[in-house]
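> Shown below is the structure under consideration.
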Amino acid sequence: MLRISPQPLHSIPMSNSKPDSAMFLQVINHFVPEVLSTMAGLTAVVGKGNPSAPQPTILRGISGSIGLSGRVHGVVYTAFSPDLGQMVAEKIFGSAGEQDVNDVVAELTNMFTGNLKSMLCDQGHNCTLSIPSVVRGDKISISAKSATISVTNSFAVEGCAEPLIVHVFAVFEN
Amino acid sequence: MSQPKILSVDDSRMIHTLINKAFAAHDVQMVFASNGAEGLEVAEREKPDVILLDVTMPVMDGIECLTKLKATPSLKDIPVIMLTAEAGKENVLKIAKMGVRDYIVKPFVEGAVIDRVSRIVTLKPKSGAPAPAAAPAAPVANKKPRVVTDAIKILVVDEHPAIFDAIQKAVAKRGWKVVGATSPDAAQGHVAANIPAEETPDIVLISLAFPNKAGLKFFTTARSHPALKNIPCLGLCLKTATFEQNDAKDTGFAGCITKPLDAAEIPDRIARAMELDVTPVFYSSEGDIQVVTIPPDLSEVGSIDLSRQSRAKIADFVNAGYGKLLIDLTGVSKVEVPIIRAVASIVHECEKIGIEWRAVGSDVENLPNFPTILETNLKVPALKDLPNPFKGKNNLDIHPTRAAAIGSF
């Protein structure tokens, strides 16, 4: 499978100005493949991305979410199809039950979000993370009315037909 | 030594599984906790040698857990390595001030965890288990043994001239030659295929911050030169640049030197990467006495290598007819782990091989009592493997001058 190199971090502006949608996309485009490759040995092809994703958005499958609060508020959502969640969990655990899949979805979401948080904090937008939560469903509607940032991208993961979806909502404190 | 005990505190079973897998080939005992409160309980009960601690967890997070660990007399000395996805500079600095030993950023590779833990405890392969992965540095096959006093040529590739200057200054005491370049492109001239072997560098120190992993590519290209196929390379990066460090290790780097640079450690890190015999720096002879001079700024890496290589060195001297050894601590006024390890290892070798030894120091009044300080510090995980040659001895006589020490034989 063709592997697209993740966005190099040095090209992400490190000023104290408010990061825009493009920067959020750059960050997830960098860290999602990095995390999947390092933790599960899976390559991921970065999709085109949408810097102004419509609301509400529908997620399907197993969705992890983590809240950001502080100088920036927001939520990072991930959505794994059952097959994708199972495949990634089995890469890590060998065999994996539902709780194992949930655990992997939660932890990977935590890694994506933790690295996003680090970038935000380094730019002066300190925030804390919530504990990850995981829900399952065929039609999970997500929205954040006050969000000024609503970005999404899909990542085609080696060995699975359904992509991983990552969606970020954020709003900065004035 | 008993098995090192490692406590992993994380709310993710996935992390516990990966940590367990990482240490599977090592003779360690793993214990686990799923949040900070449970971590404190397990730490109190199990008294681990190292704690790997996550930050974001339910019930009690890693910060509160760390605060409580440091406030508990029976737990405060247990080294803690934070293992977290949150690596913002402010976060790292805040946690560093709380007394953590190290910081691993998620995502992490198994090698990074093994590497950090092995800096605190001695990891031995499990008997019957396949040998753990070899160190990434490619050993130089059929090489002529090299010593630290050889003329070494170091190529430093870093965009900041101040880094070049700092490295040049740090290795000046060894008389090593340093050449520099501010980019991988500019450094090509030092490793081009048409450069005669005698003019190529002996080791490369290269920044990992160049765009598009240019530092790693430079290393790979340099090794395609037949004369450089085994050249060791050390990365230069920030301590928090975990991705870059992992990439470097995966590419075959011998290790990384983190910024800010520790001047005392640089020559030792280079010596280790090149597998140099370091003993000529420390050992000399005076009449029929062999002298080992311990510098006050002995680094951790230097101490480990000196201790490791002293056995053969002392044996060589004894074979050559020397039957007495003098440990020179002139200039040493503060005794920390590197010096304790070096002195205790050398004394142990002397006792074992049956030669007389004496110690000399210029700050005798202020030097602590070695037997006491060693007894106390043997509880420090980094010294757990150390034999105690002072057992049963109340004091170590340190003579104020070399003449006095030699006269006492």
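Residues in the structure tokens are named by chain (A, B, ... in the order shown) and by number from 1 within that chain; ligands are numbered from 1 in the order shown.
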Give me the residues near Pro33 of chain A as a list in words, where near means some atom within 9 Å (using only C-alpha atoms) and where sequence neighbours in that chain fewer than 5 positions away do not count.
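My list of contacting residues is Ser5, Pro6, Ile28, Thr38, Leu42, Thr43, Ala44, Val45, Val46, Phe155 and Val157 of chain A.
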> Put those residues in a file: N, CA and C atoms, as a CSV table (one decimal), in the first residue's frame.

```
chain,number,residue,atom,x,y,z
A,5,SER,N,3.6,10.2,3.4
A,5,SER,CA,4.3,10.7,4.6
A,5,SER,C,3.4,11.7,5.4
A,6,PRO,N,3.4,11.5,6.7
A,6,PRO,CA,2.6,12.5,7.5
A,6,PRO,C,3.2,13.9,7.3
A,28,ILE,N,-3.7,16.5,13.0
A,28,ILE,CA,-4.2,15.1,13.0
A,28,ILE,C,-3.6,14.3,11.8
A,38,THR,N,3.3,3.4,14.9
A,38,THR,CA,4.1,3.0,16.1
A,38,THR,C,3.5,2.0,17.0
A,42,LEU,N,0.7,-0.4,11.7
A,42,LEU,CA,-0.2,-0.3,10.5
A,42,LEU,C,0.0,1.0,9.8
A,43,THR,N,0.1,0.9,8.4
A,43,THR,CA,0.2,2.2,7.7
A,43,THR,C,-1.2,2.7,7.4
A,44,ALA,N,-1.2,4.1,7.3
A,44,ALA,CA,-2.5,4.7,7.1
A,44,ALA,C,-2.3,5.8,6.0
A,45,VAL,N,-3.2,5.8,5.1
A,45,VAL,CA,-3.1,6.8,4.0
A,45,VAL,C,-4.0,8.0,4.4
A,46,VAL,N,-3.5,9.2,4.4
A,46,VAL,CA,-4.2,10.4,4.8
A,46,VAL,C,-5.2,10.8,3.7
A,155,PHE,N,-8.8,8.2,7.2
A,155,PHE,CA,-7.5,7.6,7.1
A,155,PHE,C,-7.7,6.1,6.7
A,157,VAL,N,-6.7,2.7,6.4
A,157,VAL,CA,-5.8,1.8,7.2
A,157,VAL,C,-5.5,0.5,6.4
```
> Counting only C-alpha atoms, which residues from chain A have an atom at most 8 Å from any atom of chain B, and could you show them as JSON, numbers by chain?
{"A": [8, 10, 34, 35, 38, 39, 92, 93, 100, 103, 104, 107, 110, 111, 112, 113, 114, 115, 117, 118, 119, 120, 121, 122, 129, 130, 131]}
> Output C-alpha atoms for every residue in that selection, as a short mmCIF file (atom, residue, chain, number, x, y, z; two decimals), in the first residue's frame.

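The resulting result29.cif:
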```cif
data_model
loop_
_atom_site.label_atom_id
_atom_site.label_comp_id
_atom_site.auth_asym_id
_atom_site.auth_seq_id
_atom_site.Cartn_x
_atom_site.Cartn_y
_atom_site.Cartn_z
CA PRO A 8 6.20 17.18 9.00
CA HIS A 10 8.34 21.66 11.57
CA GLU A 34 2.28 8.09 13.39
CA VAL A 35 0.28 6.58 16.25
CA THR A 38 4.11 3.04 16.07
CA MET A 39 1.56 1.28 18.24
CA ILE A 92 -2.02 -5.43 19.83
CA PHE A 93 -3.64 -8.14 21.95
CA ASP A 100 -10.28 -4.93 24.35
CA ASP A 103 -9.79 -0.07 25.29
CA VAL A 104 -7.75 0.26 22.09
CA GLU A 107 -6.19 4.71 24.11
CA ASN A 110 -6.07 9.53 23.82
CA MET A 111 -2.80 9.47 21.90
CA PHE A 112 -4.18 11.50 18.98
CA THR A 113 -5.70 14.01 21.37
CA GLY A 114 -2.72 14.16 23.73
CA ASN A 115 -0.45 15.10 20.88
CA LYS A 117 -3.09 19.09 23.14
CA SER A 118 0.71 19.32 23.24
CA MET A 119 0.71 21.36 20.04
CA LEU A 120 -2.00 23.66 21.39
CA CYS A 121 -0.23 24.12 24.72
CA ASP A 122 3.06 24.90 22.98
CA LEU A 129 -8.06 16.45 28.65
CA SER A 130 -11.00 14.44 29.84
CA ILE A 131 -10.93 10.70 30.32
#
```
> Can you pull out every residue within 8 Å of Pro387 of chain B, counting only C-alpha atoms, but drop anything in the same chain fewer than 3 positions away, and send it as number ranges by chain?
B: 344-345, 348
> Would you give me, as an MDAnalysis selection string, the residues in segment 163-379 of chain B that DSSP reads as strand (DSSP E)?
chainID B and resid 177:181 203:207 233:238 255:259 283:286 289:293 324:328 356:360
> Find the spatial neighbours of Gln245 of chain B, counting only C-alpha atoms, within a cut-off of 8 Å - ignore same-chain residues fewer than 3 positions away - and output them as number ranges by chain.
B: 208, 235, 237, 241-242, 248-249, 255-256
> According to DSSP computed on the backbone, where in segment 229-363 of chain B is there alpha helix (DSSP H)? Give the residues as a ChimeraX atom specification.
/B:242-251,266-273,279-282,300-319,337-353
> Store the residues picked out above, limited to C-alpha atoms, as a compact mmCIF listing (two decimals), in the first residue's frame.

```txt
# COMPACT_ATOMS: atom_id res chain seq x y z
CA THR B 242 10.68 11.08 21.14
CA PHE B 243 9.55 10.45 17.58
CA GLU B 244 12.87 11.58 16.23
CA GLN B 245 14.78 9.49 18.78
CA ASN B 246 12.77 6.41 17.91
CA ASP B 247 13.27 6.99 14.19
CA ALA B 248 16.99 7.36 14.76
CA LYS B 249 17.19 4.12 16.70
CA ASP B 250 15.20 2.32 14.05
CA THR B 251 17.60 3.65 11.41
CA ILE B 266 29.73 14.13 25.44
CA PRO B 267 33.20 12.52 25.23
CA ASP B 268 31.88 9.51 27.14
CA ARG B 269 28.88 9.12 24.86
CA ILE B 270 31.17 9.26 21.83
CA ALA B 271 33.55 6.74 23.39
CA ARG B 272 30.70 4.37 24.08
CA ALA B 273 29.24 4.71 20.57
CA THR B 279 40.83 3.17 30.59
CA PRO B 280 43.90 5.05 29.25
CA VAL B 281 42.21 8.28 30.37
CA PHE B 282 41.94 7.07 33.93
CA GLU B 300 27.18 8.46 34.52
CA VAL B 301 28.13 6.97 31.16
CA GLY B 302 31.84 7.40 31.91
CA SER B 303 31.40 5.77 35.31
CA ILE B 304 29.62 2.74 33.92
CA ASP B 305 32.21 2.23 31.19
CA LEU B 306 35.14 2.79 33.56
CA SER B 307 33.69 0.31 36.04
CA ARG B 308 33.02 -2.24 33.29
CA GLN B 309 36.46 -1.94 31.74
CA SER B 310 38.42 -1.78 35.01
CA ARG B 311 38.35 -5.52 35.59
CA ALA B 312 40.44 -6.29 32.52
CA LYS B 313 42.64 -3.26 33.04
CA ILE B 314 43.54 -4.13 36.64
CA ALA B 315 44.16 -7.74 35.63
CA ASP B 316 46.48 -6.52 32.83
CA PHE B 317 48.45 -4.44 35.31
CA VAL B 318 48.72 -7.33 37.75
CA ASN B 319 49.89 -9.61 34.94
CA VAL B 337 26.44 7.94 42.06
CA PRO B 338 29.06 7.92 39.23
CA ILE B 339 31.95 8.31 41.66
CA ILE B 340 30.54 5.85 44.18
CA ARG B 341 30.14 3.25 41.44
CA ALA B 342 33.65 3.75 40.06
CA VAL B 343 35.40 3.63 43.44
CA ALA B 344 33.44 0.65 44.72
CA SER B 345 33.96 -1.31 41.48
CA ILE B 346 37.70 -0.68 41.47
CA VAL B 347 38.09 -1.54 45.15
CA HIS B 348 36.06 -4.68 44.57
CA GLU B 349 38.36 -5.75 41.73
CA CYS B 350 41.43 -5.11 43.89
CA GLU B 351 40.03 -7.14 46.76
CA LYS B 352 39.02 -9.92 44.42
CA ILE B 353 42.36 -10.14 42.66
```
> Do you have the atom CA of Lys47 of chain B-atom CA of Tyr103 of chain B distance handy?
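These two atoms are separated by 20.6 Å.
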> Which distance in Å separates atom CA of Leu84 of chain A and atom CA of Pro132 of chain A, to one decimal?
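About the pair atom CA of Leu84 of chain A and atom CA of Pro132 of chain A: they are 18.7 Å apart.
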